[in-house]
>>> print(open('my_file-v8.csv').read())   # CSV, C-alpha atoms and all ligand atoms
chain,number,residue,atom,x,y,z
A,1,MET,CA,7.0,0.1,-30.1
A,2,LYS,CA,9.4,2.9,-29.4
A,3,ARG,CA,10.8,2.7,-25.9
A,4,GLU,CA,11.3,6.0,-24.0
A,5,ILE,CA,12.5,7.2,-20.6
A,6,ILE,CA,10.2,9.6,-18.8
A,7,ILE,CA,11.9,11.7,-16.1
A,8,ALA,CA,9.6,12.3,-13.1
A,9,LEU,CA,9.9,16.1,-12.3
A,10,ASP,CA,8.9,15.8,-8.6
A,11,PHE,CA,9.9,19.4,-7.8
A,12,SER,CA,7.8,21.9,-5.9
A,13,ASN,CA,8.2,24.9,-8.3
A,14,LEU,CA,8.9,25.9,-11.8
A,15,ASP,CA,12.3,27.5,-11.1
A,16,LEU,CA,13.7,24.3,-9.6
A,17,THR,CA,12.2,22.4,-12.5
A,18,LEU,CA,13.7,24.6,-15.2
A,19,ASP,CA,17.1,24.7,-13.4
A,20,PHE,CA,17.1,20.9,-13.6
A,21,LEU,CA,16.1,20.8,-17.2
A,22,ASN,CA,18.7,23.3,-18.2
A,23,LYS,CA,21.4,20.9,-17.1
A,24,PHE,CA,20.6,18.8,-20.2
A,25,ASN,CA,21.9,21.5,-22.6
A,26,GLY,CA,18.8,21.6,-24.9
A,27,LYS,CA,18.3,17.8,-25.2
A,28,LYS,CA,14.6,17.1,-25.8
A,29,LEU,CA,13.3,14.9,-23.0
A,30,PHE,CA,10.1,13.2,-22.0
A,31,VAL,CA,9.1,14.4,-18.6
A,32,LYS,CA,6.4,13.6,-16.0
A,33,ILE,CA,4.5,16.5,-14.4
A,34,GLY,CA,2.7,15.2,-11.4
A,35,MET,CA,0.3,16.6,-8.8
A,36,GLU,CA,3.0,18.2,-6.7
A,37,LEU,CA,4.3,20.4,-9.5
A,38,TYR,CA,1.0,21.0,-11.3
A,39,LEU,CA,-1.3,21.8,-8.4
A,40,GLN,CA,1.1,24.3,-6.9
A,41,ASN,CA,2.0,26.0,-10.1
A,42,GLY,CA,-0.8,25.5,-12.6
A,43,PRO,CA,-0.9,25.2,-16.4
A,44,LYS,CA,2.1,27.6,-16.8
A,45,VAL,CA,4.3,24.7,-16.0
A,46,ILE,CA,3.0,22.8,-19.0
A,47,GLU,CA,3.5,25.8,-21.3
A,48,ALA,CA,7.0,26.5,-20.0
A,49,ILE,CA,8.1,22.9,-20.5
A,50,LYS,CA,6.4,22.5,-23.8
A,51,ASN,CA,8.0,25.7,-25.1
A,52,GLN,CA,11.4,24.0,-24.5
A,53,GLY,CA,10.3,21.2,-26.8
A,54,HIS,CA,10.0,18.4,-24.2
A,55,LYS,CA,7.2,15.8,-24.3
A,56,ILE,CA,4.8,15.8,-21.4
A,57,PHE,CA,3.3,13.0,-19.3
A,58,LEU,CA,0.7,14.8,-17.2
A,59,ASP,CA,0.1,12.4,-14.2
A,60,LEU,CA,-3.0,13.9,-12.6
A,61,LYS,CA,-4.7,10.6,-12.0
A,62,LEU,CA,-8.2,12.0,-12.7
A,63,HIS,CA,-11.1,10.2,-10.9
A,64,ASP,CA,-14.5,11.8,-10.8
A,65,ILE,CA,-18.0,11.4,-12.4
A,66,PRO,CA,-17.8,11.1,-16.2
A,67,ASN,CA,-19.2,14.6,-16.9
A,68,THR,CA,-16.6,16.3,-14.7
A,69,VAL,CA,-13.7,14.3,-16.2
A,70,TYR,CA,-14.9,15.1,-19.7
A,71,GLY,CA,-14.8,18.8,-18.8
A,72,ALA,CA,-11.3,18.5,-17.4
A,73,THR,CA,-9.9,16.7,-20.4
A,74,LEU,CA,-11.7,19.0,-22.8
A,75,GLY,CA,-9.9,21.9,-21.0
A,76,LEU,CA,-6.6,20.1,-20.9
A,77,SER,CA,-6.8,19.3,-24.6
A,78,LYS,CA,-5.4,22.7,-25.6
A,79,PHE,CA,-2.0,22.0,-24.0
A,80,ASN,CA,-1.0,19.3,-26.5
A,81,ILE,CA,0.0,16.9,-23.7
A,82,ASP,CA,1.5,13.6,-24.9
A,83,ILE,CA,0.1,11.3,-22.1
A,84,LEU,CA,-2.5,11.9,-19.4
A,85,THR,CA,-3.5,9.5,-16.6
A,86,VAL,CA,-7.0,8.7,-15.1
A,87,HIS,CA,-7.9,6.1,-12.6
A,88,ALA,CA,-9.3,2.8,-14.0
A,89,ALA,CA,-11.4,2.6,-10.8
A,90,GLY,CA,-13.4,5.5,-12.1
A,91,GLY,CA,-15.0,3.0,-14.5
A,92,GLU,CA,-15.6,2.5,-18.2
A,93,GLU,CA,-17.9,5.5,-18.7
A,94,MET,CA,-15.5,7.8,-17.0
A,95,MET,CA,-12.6,6.5,-19.1
A,96,ARG,CA,-14.5,6.9,-22.3
A,97,ALA,CA,-15.4,10.5,-21.2
A,98,ALA,CA,-11.8,11.2,-20.6
A,99,LYS,CA,-10.7,10.1,-24.0
A,100,LYS,CA,-13.7,11.9,-25.6
A,101,GLY,CA,-12.9,15.2,-24.0
A,102,MET,CA,-9.4,15.1,-25.5
A,103,ILE,CA,-10.7,14.2,-29.0
A,104,ASP,CA,-13.5,16.7,-28.9
A,105,GLY,CA,-11.0,19.4,-27.9
A,106,GLY,CA,-8.9,18.4,-31.0
A,107,SER,CA,-6.1,16.6,-29.2
A,108,ASN,CA,-6.3,13.3,-31.0
A,109,ASN,CA,-2.6,12.5,-30.3
A,110,THR,CA,-2.8,12.7,-26.6
A,111,LYS,CA,-2.6,9.1,-25.1
A,112,VAL,CA,-5.0,8.6,-22.2
A,113,ILE,CA,-3.9,5.8,-19.9
A,114,ALA,CA,-5.2,4.3,-16.8
A,115,ILE,CA,-3.8,3.8,-13.3
A,116,THR,CA,-4.5,0.2,-12.3
A,117,GLN,CA,-3.7,-0.5,-8.7
A,118,LEU,CA,-1.2,2.0,-7.1
A,119,THR,CA,2.1,0.4,-6.3
A,120,SER,CA,1.6,1.6,-2.7
A,121,THR,CA,-1.4,-0.7,-2.4
A,122,SER,CA,-0.7,-4.2,-1.1
A,123,GLU,CA,-2.9,-7.2,-1.7
A,124,GLU,CA,-3.8,-7.1,2.0
A,125,LYS,CA,-4.8,-3.5,1.9
A,126,MET,CA,-6.8,-4.1,-1.3
A,127,LEU,CA,-8.9,-6.7,0.4
A,128,LYS,CA,-9.3,-4.8,3.6
A,129,GLU,CA,-10.0,-1.3,2.2
A,130,GLN,CA,-11.4,-2.0,-1.2
A,131,LEU,CA,-13.0,-5.4,-0.5
A,132,ILE,CA,-11.4,-6.8,-3.7
A,133,ASN,CA,-11.0,-10.5,-3.0
A,134,VAL,CA,-8.7,-11.5,-5.8
A,135,SER,CA,-4.9,-11.4,-6.2
A,136,LEU,CA,-3.3,-7.9,-6.9
A,137,LYS,CA,-2.2,-9.2,-10.3
A,138,GLU,CA,-5.8,-10.2,-11.2
A,139,SER,CA,-7.1,-6.8,-10.1
A,140,VAL,CA,-4.4,-5.0,-12.2
A,141,LEU,CA,-5.3,-7.2,-15.2
A,142,ASN,CA,-9.0,-6.6,-14.8
A,143,TYR,CA,-8.4,-2.8,-14.8
A,144,ALA,CA,-6.1,-3.1,-17.8
A,145,LYS,CA,-8.7,-5.0,-19.7
A,146,LEU,CA,-11.4,-2.5,-18.7
A,147,ALA,CA,-9.1,0.4,-19.8
A,148,LYS,CA,-8.6,-1.3,-23.2
A,149,GLU,CA,-12.3,-1.9,-23.6
A,150,SER,CA,-13.0,1.7,-22.7
A,151,GLY,CA,-10.8,2.9,-25.6
A,152,LEU,CA,-7.8,4.0,-23.6
A,153,ASP,CA,-4.3,3.7,-24.9
A,154,GLY,CA,-2.5,1.9,-22.1
A,155,VAL,CA,-1.9,1.6,-18.4
A,156,VAL,CA,0.5,2.4,-15.6
A,157,SER,CA,1.6,-0.8,-13.7
A,158,SER,CA,4.7,-2.3,-12.1
A,159,VAL,CA,7.2,-4.0,-14.4
A,160,TYR,CA,6.1,-7.4,-13.0
A,161,GLU,CA,2.6,-7.2,-14.6
A,162,VAL,CA,3.6,-6.0,-18.1
A,163,ARG,CA,3.9,-9.4,-19.7
A,164,ASP,CA,0.4,-10.4,-18.7
A,165,ILE,CA,-1.1,-7.1,-19.6
A,166,LEU,CA,0.4,-7.3,-23.1
A,167,GLU,CA,-0.9,-10.8,-23.5
A,168,LYS,CA,-4.4,-9.7,-22.5
A,169,CYS,CA,-4.5,-6.3,-24.2
A,170,GLY,CA,-2.2,-6.7,-27.2
A,171,GLU,CA,1.4,-5.7,-27.9
A,172,GLU,CA,0.3,-2.2,-29.0
A,173,PHE,CA,-1.2,-1.4,-25.6
A,174,LEU,CA,1.2,1.1,-23.9
A,175,THR,CA,2.7,0.2,-20.5
A,176,VAL,CA,4.2,2.8,-18.3
A,177,THR,CA,6.2,1.5,-15.5
A,178,PRO,CA,7.6,3.4,-12.5
A,179,GLY,CA,9.8,2.0,-9.6
A,180,ILE,CA,12.9,1.7,-11.8
A,181,ARG,CA,16.3,1.5,-10.2
A,182,LEU,CA,19.8,0.5,-11.3
A,183,GLU,CA,21.4,-2.2,-9.1
A,184,SER,CA,23.6,0.6,-7.5
A,185,ASP,CA,20.6,2.9,-6.7
A,186,ASP,CA,18.9,3.5,-3.4
A,187,ASN,CA,15.3,2.2,-3.5
A,188,GLY,CA,13.9,5.1,-1.5
A,189,ASP,CA,10.3,4.3,-0.6
A,190,GLN,CA,9.7,2.2,-3.7
A,191,LYS,CA,8.8,-1.5,-2.8
A,192,ARG,CA,8.5,-3.4,-6.1
A,193,VAL,CA,11.5,-2.1,-7.9
A,194,ALA,CA,12.9,-3.4,-11.2
A,195,THR,CA,16.0,-2.6,-13.3
A,196,PRO,CA,15.7,-0.9,-16.7
A,197,LEU,CA,17.0,-4.1,-18.3
A,198,LEU,CA,14.2,-6.1,-16.7
A,199,ALA,CA,11.7,-3.5,-17.8
A,200,LYS,CA,13.0,-3.8,-21.4
A,201,GLU,CA,12.8,-7.6,-21.2
A,202,MET,CA,9.3,-7.6,-19.9
A,203,GLY,CA,8.2,-5.2,-22.7
A,204,SER,CA,7.6,-1.9,-21.0
A,205,THR,CA,7.0,0.9,-23.4
A,206,TYR,CA,8.1,3.7,-21.0
A,207,ILE,CA,10.0,3.6,-17.7
A,208,VAL,CA,9.4,6.5,-15.3
A,209,VAL,CA,12.5,7.4,-13.4
A,210,GLY,CA,12.6,10.1,-10.7
A,211,ARG,CA,15.1,10.4,-7.9
A,212,PRO,CA,17.9,8.3,-9.5
A,213,ILE,CA,18.1,11.0,-12.1
A,214,THR,CA,16.7,14.2,-10.4
A,215,GLN,CA,18.7,13.7,-7.2
A,216,SER,CA,21.9,12.6,-8.9
A,217,LYS,CA,25.1,14.7,-8.8
A,218,ASN,CA,25.4,14.2,-12.5
A,219,PRO,CA,21.8,13.9,-14.0
A,220,ILE,CA,23.1,13.6,-17.6
A,221,LYS,CA,25.4,10.7,-16.7
A,222,ALA,CA,22.5,9.1,-14.7
A,223,TYR,CA,20.1,9.5,-17.6
A,224,LYS,CA,22.7,7.9,-19.9
A,225,SER,CA,23.0,4.9,-17.7
A,226,PHE,CA,19.3,4.3,-18.0
A,227,GLU,CA,19.5,4.8,-21.7
A,228,GLU,CA,22.2,2.3,-22.0
A,229,LYS,CA,20.1,-0.4,-20.3
A,230,PHE,CA,16.6,0.4,-21.6
A,231,ILE,CA,16.9,2.0,-25.0
A,232,LYS,CA,20.0,0.4,-26.6
B,301,LIG,O1,11.7,8.8,-7.7
B,301,LIG,P1,11.1,7.7,-8.3
B,301,LIG,O2,11.8,7.1,-9.4
B,301,LIG,O3,10.6,6.6,-7.3
B,301,LIG,O4,9.7,8.3,-8.9
B,301,LIG,C1,8.8,7.5,-9.5
B,301,LIG,C2,7.7,8.4,-10.0
B,301,LIG,O5,6.6,7.6,-10.5
B,301,LIG,C3,7.0,9.3,-8.9
B,301,LIG,O6,6.7,10.5,-9.5
B,301,LIG,C4,5.8,8.5,-8.4
B,301,LIG,O7,4.8,9.3,-8.0
B,301,LIG,C5,5.4,7.8,-9.7
B,301,LIG,N1,4.6,6.6,-9.6
B,301,LIG,C6,5.0,5.5,-8.9
B,301,LIG,N2,4.2,4.4,-8.8
B,301,LIG,C7,3.0,4.4,-9.4
B,301,LIG,C8,2.6,5.6,-10.1
B,301,LIG,C9,3.4,6.6,-10.2
B,301,LIG,O8,6.1,5.5,-8.3
B,301,LIG,N3,2.2,3.4,-9.3
>>> encode(input="my_file-v8.csv", output="structure tokens", more="lines below")
Ligand code: C5P
Amino acid sequence: MKREIIIALDFSNLDLTLDFLNKFNGKKLFVKIGMELYLQNGPKVIEAIKNQGHKIFLDLKLHDIPNTVYGATLGLSKFNIDILTVHAAGGEEMMRAAKKGMIDGGSNNTKVIAITQLTSTSEEKMLKEQLINVSLKESVLNYAKLAKESGLDGVVSSVYEVRDILEKCGEEFLTVTPGIRLESDDNGDQKRVATPLLAKEMGSTYIVVGRPITQSKNPIKAYKSFEEKFIK
């Protein structure tokens, strides 16, 4: 499976986003558009970034009744997105509806992947707030299995669950892992961080890297450091 780096474009507006992308002198990138950028600026963000030839991971984490999610993905299918996220907690029917919306809209190539447990959720919180009385890892694996059975293409998880996910869901199942830092980086608010080298060893298909690249004085150099460790 081809490994790729996804840069999380956590900016508040399109101008800041394009200023950042222009630093890469035309290099074609894989970027993550999340709620912050999308909800304040709308679909024009997708169009502007696609027009520059970049691949898009649209991280909207959809979670609603199946019919509504179907309508949302049917609408999004026209943007030729590369990867879209939905919450596995929405259930099998909702995940199937998400994938069906993309396919019915003609976007067969869009990978639809599921959020398992957010990395901000601890085992303690999971028990207290969601009344899920198993380990965090078991819950993540349960959601990964459900996503696979629902016809989705992969999941978002921490690096530490990737091995087990691949074992359960097969080597072709995509794993997208955020919380990636070089030894020299500041962890910020990320708790369960891993290096790009570990992500590669564990079998992640994609690493999502935000601040270590976007906030760097030299983003190209920072990007290359991640490439050195994860791609080569
Ligand atoms: O700046 P940083 O590298 O921490 O950014 C990681 C990106 O991945 C952010 O956009 C964050 O929202 C996202 N993410 C995450 N943990 C998850 C899912 C998404 O850090 N479980």
>>> closest_residue(input="my_file-v8.csv", among="A:Ala194, A:Met126, A:Val156, A:Ile220", to="ligand LIG 301 (chain B)", atoms="all atoms listed in the file")
A:Val156
>>> closest_residue(input="my_file-v8.csv", among="A:Ala222, A:Ala89, A:Ile207, A:Ile49", to="Leu37 of chain A", atoms="all atoms listed in the file")
A:Ile49
>>> closest_atom_pairs(input="my_file-v8.csv", of="chain A", to="ligand LIG 301 (chain B)", cutoff="7 Å", atoms="only C-alpha atoms and all ligand atoms", output="CSV")
residue,atom,partner,partner_atom,distance
A:Ala8,CA,B:LIG301,O6,5.0
A:Asp10,CA,B:LIG301,O6,5.8
A:Gly34,CA,B:LIG301,O6,6.5
A:Leu118,CA,B:LIG301,N3,4.3
A:Thr119,CA,B:LIG301,N3,4.2
A:Ser120,CA,B:LIG301,N3,6.9
A:Val156,CA,B:LIG301,N3,6.6
A:Ser157,CA,B:LIG301,N3,6.1
A:Ser158,CA,B:LIG301,N3,6.8
A:Pro178,CA,B:LIG301,O5,4.8
A:Gly179,CA,B:LIG301,O3,5.2
A:Ile180,CA,B:LIG301,O2,6.0
A:Gly188,CA,B:LIG301,O3,6.8
A:Gln190,CA,B:LIG301,O3,5.8
A:Val208,CA,B:LIG301,O5,5.7
A:Val209,CA,B:LIG301,O2,4.1
A:Gly210,CA,B:LIG301,O2,3.4
A:Arg211,CA,B:LIG301,O1,3.8
A:Pro212,CA,B:LIG301,O2,6.2
>>> write_last_selection(input="my_file-v8.csv", atoms="C-alpha atoms", output="CSV table (one decimal), in the coordinates of the input")
chain,number,residue,atom,x,y,z
A,8,ALA,CA,9.6,12.3,-13.1
A,10,ASP,CA,8.9,15.8,-8.6
A,34,GLY,CA,2.7,15.2,-11.4
A,118,LEU,CA,-1.2,2.0,-7.1
A,119,THR,CA,2.1,0.4,-6.3
A,120,SER,CA,1.6,1.6,-2.7
A,156,VAL,CA,0.5,2.4,-15.6
A,157,SER,CA,1.6,-0.8,-13.7
A,158,SER,CA,4.7,-2.3,-12.1
A,178,PRO,CA,7.6,3.4,-12.5
A,179,GLY,CA,9.8,2.0,-9.6
A,180,ILE,CA,12.9,1.7,-11.8
A,188,GLY,CA,13.9,5.1,-1.5
A,190,GLN,CA,9.7,2.2,-3.7
A,208,VAL,CA,9.4,6.5,-15.3
A,209,VAL,CA,12.5,7.4,-13.4
A,210,GLY,CA,12.6,10.1,-10.7
A,211,ARG,CA,15.1,10.4,-7.9
A,212,PRO,CA,17.9,8.3,-9.5
>>> atom_distance(input="my_file-v8.csv", atom1="atom CA of Leu29 of chain A", atom2="atom CA of Lys50 of chain A")
10.3 Å
>>> atom_distance(input="my_file-v8.csv", atom1="atom CA of Ala97 of chain A", atom2="atom CA of Thr116 of chain A")
17.4 Å
>>> residues_around(input="my_file-v8.csv", residues="Thr68 of chain A", least_positions_apart="6", cutoff="10 Å", atoms="all atoms listed in the file", output="PyMOL selection string")
chain A and resi 62+74+94+97-98
>>> residues_around(input="my_file-v8.csv", residues="Glu201 of chain A", least_positions_apart="5", cutoff="12 Å", atoms="all atoms listed in the file", output="PyMOL selection string")
chain A and resi 3+159-160+162-163+194-196+229-231
>>> closest_residue(input="my_file-v8.csv", among="A:Asn51, A:Asn108, A:Thr177, A:Ser135", to="Val193 of chain A", atoms="only C-alpha atoms")
A:Thr177
>>> closest_residue(input="my_file-v8.csv", among="A:Lys2, A:Lys32, A:Lys23, A:Lys78", to="Asn109 of chain A", atoms="only C-alpha atoms")
A:Lys78
>>> residues_around(input="my_file-v8.csv", residues="Gly170 of chain A", least_positions_apart="3", cutoff="12 Å", atoms="all atoms listed in the file", output="list of chain:residue names")
A:Met1, A:Ala144, A:Lys145, A:Lys148, A:Glu149, A:Asp153, A:Gly154, A:Val162, A:Arg163, A:Asp164, A:Ile165, A:Leu166, A:Glu167, A:Phe173, A:Leu174, A:Thr175, A:Gly203
>>> residues_near_point(input="my_file-v8.csv", point="(1.8, 22.6, -19.8)", cutoff="10 Å", atoms="all atoms listed in the file", output="mmCIF file with C-alpha atoms, in the frame of the given file")
data_model
loop_
_atom_site.group_PDB
_atom_site.id
_atom_site.type_symbol
_atom_site.label_atom_id
_atom_site.label_comp_id
_atom_site.auth_asym_id
_atom_site.auth_seq_id
_atom_site.Cartn_x
_atom_site.Cartn_y
_atom_site.Cartn_z
ATOM 1 C CA ILE A 33 4.500 16.500 -14.400
ATOM 2 C CA TYR A 38 1.000 21.000 -11.300
ATOM 3 C CA GLY A 42 -0.800 25.500 -12.600
ATOM 4 C CA PRO A 43 -0.900 25.200 -16.400
ATOM 5 C CA LYS A 44 2.100 27.600 -16.800
ATOM 6 C CA VAL A 45 4.300 24.700 -16.000
ATOM 7 C CA ILE A 46 3.000 22.800 -19.000
ATOM 8 C CA GLU A 47 3.500 25.800 -21.300
ATOM 9 C CA ALA A 48 7.000 26.500 -20.000
ATOM 10 C CA ILE A 49 8.100 22.900 -20.500
ATOM 11 C CA LYS A 50 6.400 22.500 -23.800
ATOM 12 C CA ASN A 51 8.000 25.700 -25.100
ATOM 13 C CA LYS A 55 7.200 15.800 -24.300
ATOM 14 C CA ILE A 56 4.800 15.800 -21.400
ATOM 15 C CA PHE A 57 3.300 13.000 -19.300
ATOM 16 C CA LEU A 58 0.700 14.800 -17.200
ATOM 17 C CA LEU A 76 -6.600 20.100 -20.900
ATOM 18 C CA LYS A 78 -5.400 22.700 -25.600
ATOM 19 C CA PHE A 79 -2.000 22.000 -24.000
ATOM 20 C CA ASN A 80 -1.000 19.300 -26.500
ATOM 21 C CA ILE A 81 0.000 16.900 -23.700
#
>>> atom_distance(input="my_file-v8.csv", atom1="atom CA of Glu92 of chain A", atom2="atom CA of Ile65 of chain A")
10.9 Å
>>> closest_residue(input="my_file-v8.csv", among="A:Arg192, A:Asp104, A:Glu183, A:Asp59", to="Ser122 of chain A", atoms="only C-alpha atoms")
A:Arg192
>>> build_atoms(input="my_file-v8.csv", residues="segment 15-25 of chain A", atoms="all heavy atoms", output="PDB file, keeping the file's coordinate frame")
ATOM      1  N   ASP A  15      10.863  27.128 -11.055  1.00  0.00           N
ATOM      2  CA  ASP A  15      12.300  27.500 -11.100  1.00  0.00           C
ATOM      3  C   ASP A  15      13.194  26.315 -10.926  1.00  0.00           C
ATOM      4  O   ASP A  15      14.145  26.112 -11.680  1.00  0.00           O
ATOM      5  CB  ASP A  15      12.606  28.580 -10.050  1.00  0.00           C
ATOM      6  CG  ASP A  15      12.025  29.930 -10.436  1.00  0.00           C
ATOM      7  OD1 ASP A  15      11.666  30.082 -11.620  1.00  0.00           O
ATOM      8  OD2 ASP A  15      11.913  30.800  -9.556  1.00  0.00           O
ATOM      9  N   LEU A  16      12.883  25.533  -9.897  1.00  0.00           N
ATOM     10  CA  LEU A  16      13.700  24.300  -9.600  1.00  0.00           C
ATOM     11  C   LEU A  16      13.628  23.368 -10.813  1.00  0.00           C
ATOM     12  O   LEU A  16      14.623  22.743 -11.198  1.00  0.00           O
ATOM     13  CB  LEU A  16      13.210  23.620  -8.366  1.00  0.00           C
ATOM     14  CG  LEU A  16      13.478  24.309  -7.036  1.00  0.00           C
ATOM     15  CD1 LEU A  16      12.759  23.566  -5.903  1.00  0.00           C
ATOM     16  CD2 LEU A  16      14.981  24.355  -6.756  1.00  0.00           C
ATOM     17  N   THR A  17      12.438  23.286 -11.390  1.00  0.00           N
ATOM     18  CA  THR A  17      12.200  22.400 -12.500  1.00  0.00           C
ATOM     19  C   THR A  17      13.073  22.819 -13.722  1.00  0.00           C
ATOM     20  O   THR A  17      13.760  22.012 -14.349  1.00  0.00           O
ATOM     21  CB  THR A  17      10.735  22.371 -12.921  1.00  0.00           C
ATOM     22  OG1 THR A  17       9.976  22.108 -11.751  1.00  0.00           O
ATOM     23  CG2 THR A  17      10.443  21.335 -13.975  1.00  0.00           C
ATOM     24  N   LEU A  18      13.005  24.124 -14.013  1.00  0.00           N
ATOM     25  CA  LEU A  18      13.700  24.600 -15.200  1.00  0.00           C
ATOM     26  C   LEU A  18      15.255  24.551 -14.939  1.00  0.00           C
ATOM     27  O   LEU A  18      16.025  24.232 -15.855  1.00  0.00           O
ATOM     28  CB  LEU A  18      13.304  26.047 -15.534  1.00  0.00           C
ATOM     29  CG  LEU A  18      11.838  26.153 -16.006  1.00  0.00           C
ATOM     30  CD1 LEU A  18      11.461  27.601 -16.310  1.00  0.00           C
ATOM     31  CD2 LEU A  18      11.565  25.271 -17.230  1.00  0.00           C
ATOM     32  N   ASP A  19      15.697  24.815 -13.694  1.00  0.00           N
ATOM     33  CA  ASP A  19      17.100  24.700 -13.400  1.00  0.00           C
ATOM     34  C   ASP A  19      17.587  23.255 -13.692  1.00  0.00           C
ATOM     35  O   ASP A  19      18.667  23.037 -14.248  1.00  0.00           O
ATOM     36  CB  ASP A  19      17.389  24.901 -11.864  1.00  0.00           C
ATOM     37  CG  ASP A  19      17.370  26.381 -11.530  1.00  0.00           C
ATOM     38  OD1 ASP A  19      17.341  27.190 -12.484  1.00  0.00           O
ATOM     39  OD2 ASP A  19      17.367  26.713 -10.327  1.00  0.00           O
ATOM     40  N   PHE A  20      16.754  22.302 -13.317  1.00  0.00           N
ATOM     41  CA  PHE A  20      17.100  20.900 -13.600  1.00  0.00           C
ATOM     42  C   PHE A  20      17.164  20.633 -15.078  1.00  0.00           C
ATOM     43  O   PHE A  20      18.132  20.063 -15.587  1.00  0.00           O
ATOM     44  CB  PHE A  20      16.097  19.971 -12.882  1.00  0.00           C
ATOM     45  CG  PHE A  20      16.235  18.536 -13.291  1.00  0.00           C
ATOM     46  CD1 PHE A  20      17.261  17.745 -12.765  1.00  0.00           C
ATOM     47  CD2 PHE A  20      15.377  17.978 -14.230  1.00  0.00           C
ATOM     48  CE1 PHE A  20      17.412  16.417 -13.173  1.00  0.00           C
ATOM     49  CE2 PHE A  20      15.518  16.651 -14.638  1.00  0.00           C
ATOM     50  CZ  PHE A  20      16.535  15.872 -14.108  1.00  0.00           C
ATOM     51  N   LEU A  21      16.133  21.073 -15.799  1.00  0.00           N
ATOM     52  CA  LEU A  21      16.100  20.800 -17.200  1.00  0.00           C
ATOM     53  C   LEU A  21      17.220  21.449 -17.995  1.00  0.00           C
ATOM     54  O   LEU A  21      17.731  20.898 -18.976  1.00  0.00           O
ATOM     55  CB  LEU A  21      14.720  21.210 -17.819  1.00  0.00           C
ATOM     56  CG  LEU A  21      13.521  20.366 -17.369  1.00  0.00           C
ATOM     57  CD1 LEU A  21      12.212  20.978 -17.858  1.00  0.00           C
ATOM     58  CD2 LEU A  21      13.639  18.925 -17.865  1.00  0.00           C
ATOM     59  N   ASN A  22      17.640  22.618 -17.513  1.00  0.00           N
ATOM     60  CA  ASN A  22      18.700  23.300 -18.200  1.00  0.00           C
ATOM     61  C   ASN A  22      20.043  22.572 -18.169  1.00  0.00           C
ATOM     62  O   ASN A  22      20.924  22.797 -18.999  1.00  0.00           O
ATOM     63  CB  ASN A  22      18.923  24.724 -17.567  1.00  0.00           C
ATOM     64  CG  ASN A  22      17.799  25.664 -17.975  1.00  0.00           C
ATOM     65  OD1 ASN A  22      17.124  25.415 -18.973  1.00  0.00           O
ATOM     66  ND2 ASN A  22      17.575  26.720 -17.192  1.00  0.00           N
ATOM     67  N   LYS A  23      20.175  21.667 -17.214  1.00  0.00           N
ATOM     68  CA  LYS A  23      21.400  20.900 -17.100  1.00  0.00           C
ATOM     69  C   LYS A  23      21.589  19.987 -18.367  1.00  0.00           C
ATOM     70  O   LYS A  23      22.674  19.486 -18.630  1.00  0.00           O
ATOM     71  CB  LYS A  23      21.406  19.992 -15.881  1.00  0.00           C
ATOM     72  CG  LYS A  23      21.489  20.788 -14.601  1.00  0.00           C
ATOM     73  CD  LYS A  23      21.452  19.880 -13.404  1.00  0.00           C
ATOM     74  CE  LYS A  23      21.426  20.737 -12.129  1.00  0.00           C
ATOM     75  NZ  LYS A  23      20.934  20.032 -10.978  1.00  0.00           N
ATOM     76  N   PHE A  24      20.490  19.743 -19.094  1.00  0.00           N
ATOM     77  CA  PHE A  24      20.600  18.800 -20.200  1.00  0.00           C
ATOM     78  C   PHE A  24      20.934  19.511 -21.553  1.00  0.00           C
ATOM     79  O   PHE A  24      20.862  18.900 -22.623  1.00  0.00           O
ATOM     80  CB  PHE A  24      19.229  18.057 -20.374  1.00  0.00           C
ATOM     81  CG  PHE A  24      19.065  16.996 -19.322  1.00  0.00           C
ATOM     82  CD1 PHE A  24      18.597  17.310 -18.056  1.00  0.00           C
ATOM     83  CD2 PHE A  24      19.422  15.674 -19.583  1.00  0.00           C
ATOM     84  CE1 PHE A  24      18.460  16.340 -17.071  1.00  0.00           C
ATOM     85  CE2 PHE A  24      19.298  14.695 -18.608  1.00  0.00           C
ATOM     86  CZ  PHE A  24      18.813  15.024 -17.350  1.00  0.00           C
ATOM     87  N   ASN A  25      21.347  20.775 -21.472  1.00  0.00           N
ATOM     88  CA  ASN A  25      21.900  21.500 -22.600  1.00  0.00           C
ATOM     89  C   ASN A  25      20.991  21.397 -23.888  1.00  0.00           C
ATOM     90  O   ASN A  25      21.490  21.104 -24.972  1.00  0.00           O
ATOM     91  CB  ASN A  25      23.279  21.018 -22.999  1.00  0.00           C
ATOM     92  CG  ASN A  25      24.217  21.112 -21.820  1.00  0.00           C
ATOM     93  OD1 ASN A  25      24.188  22.104 -21.091  1.00  0.00           O
ATOM     94  ND2 ASN A  25      25.021  20.078 -21.622  1.00  0.00           N
TER      95      ASN A  25
END
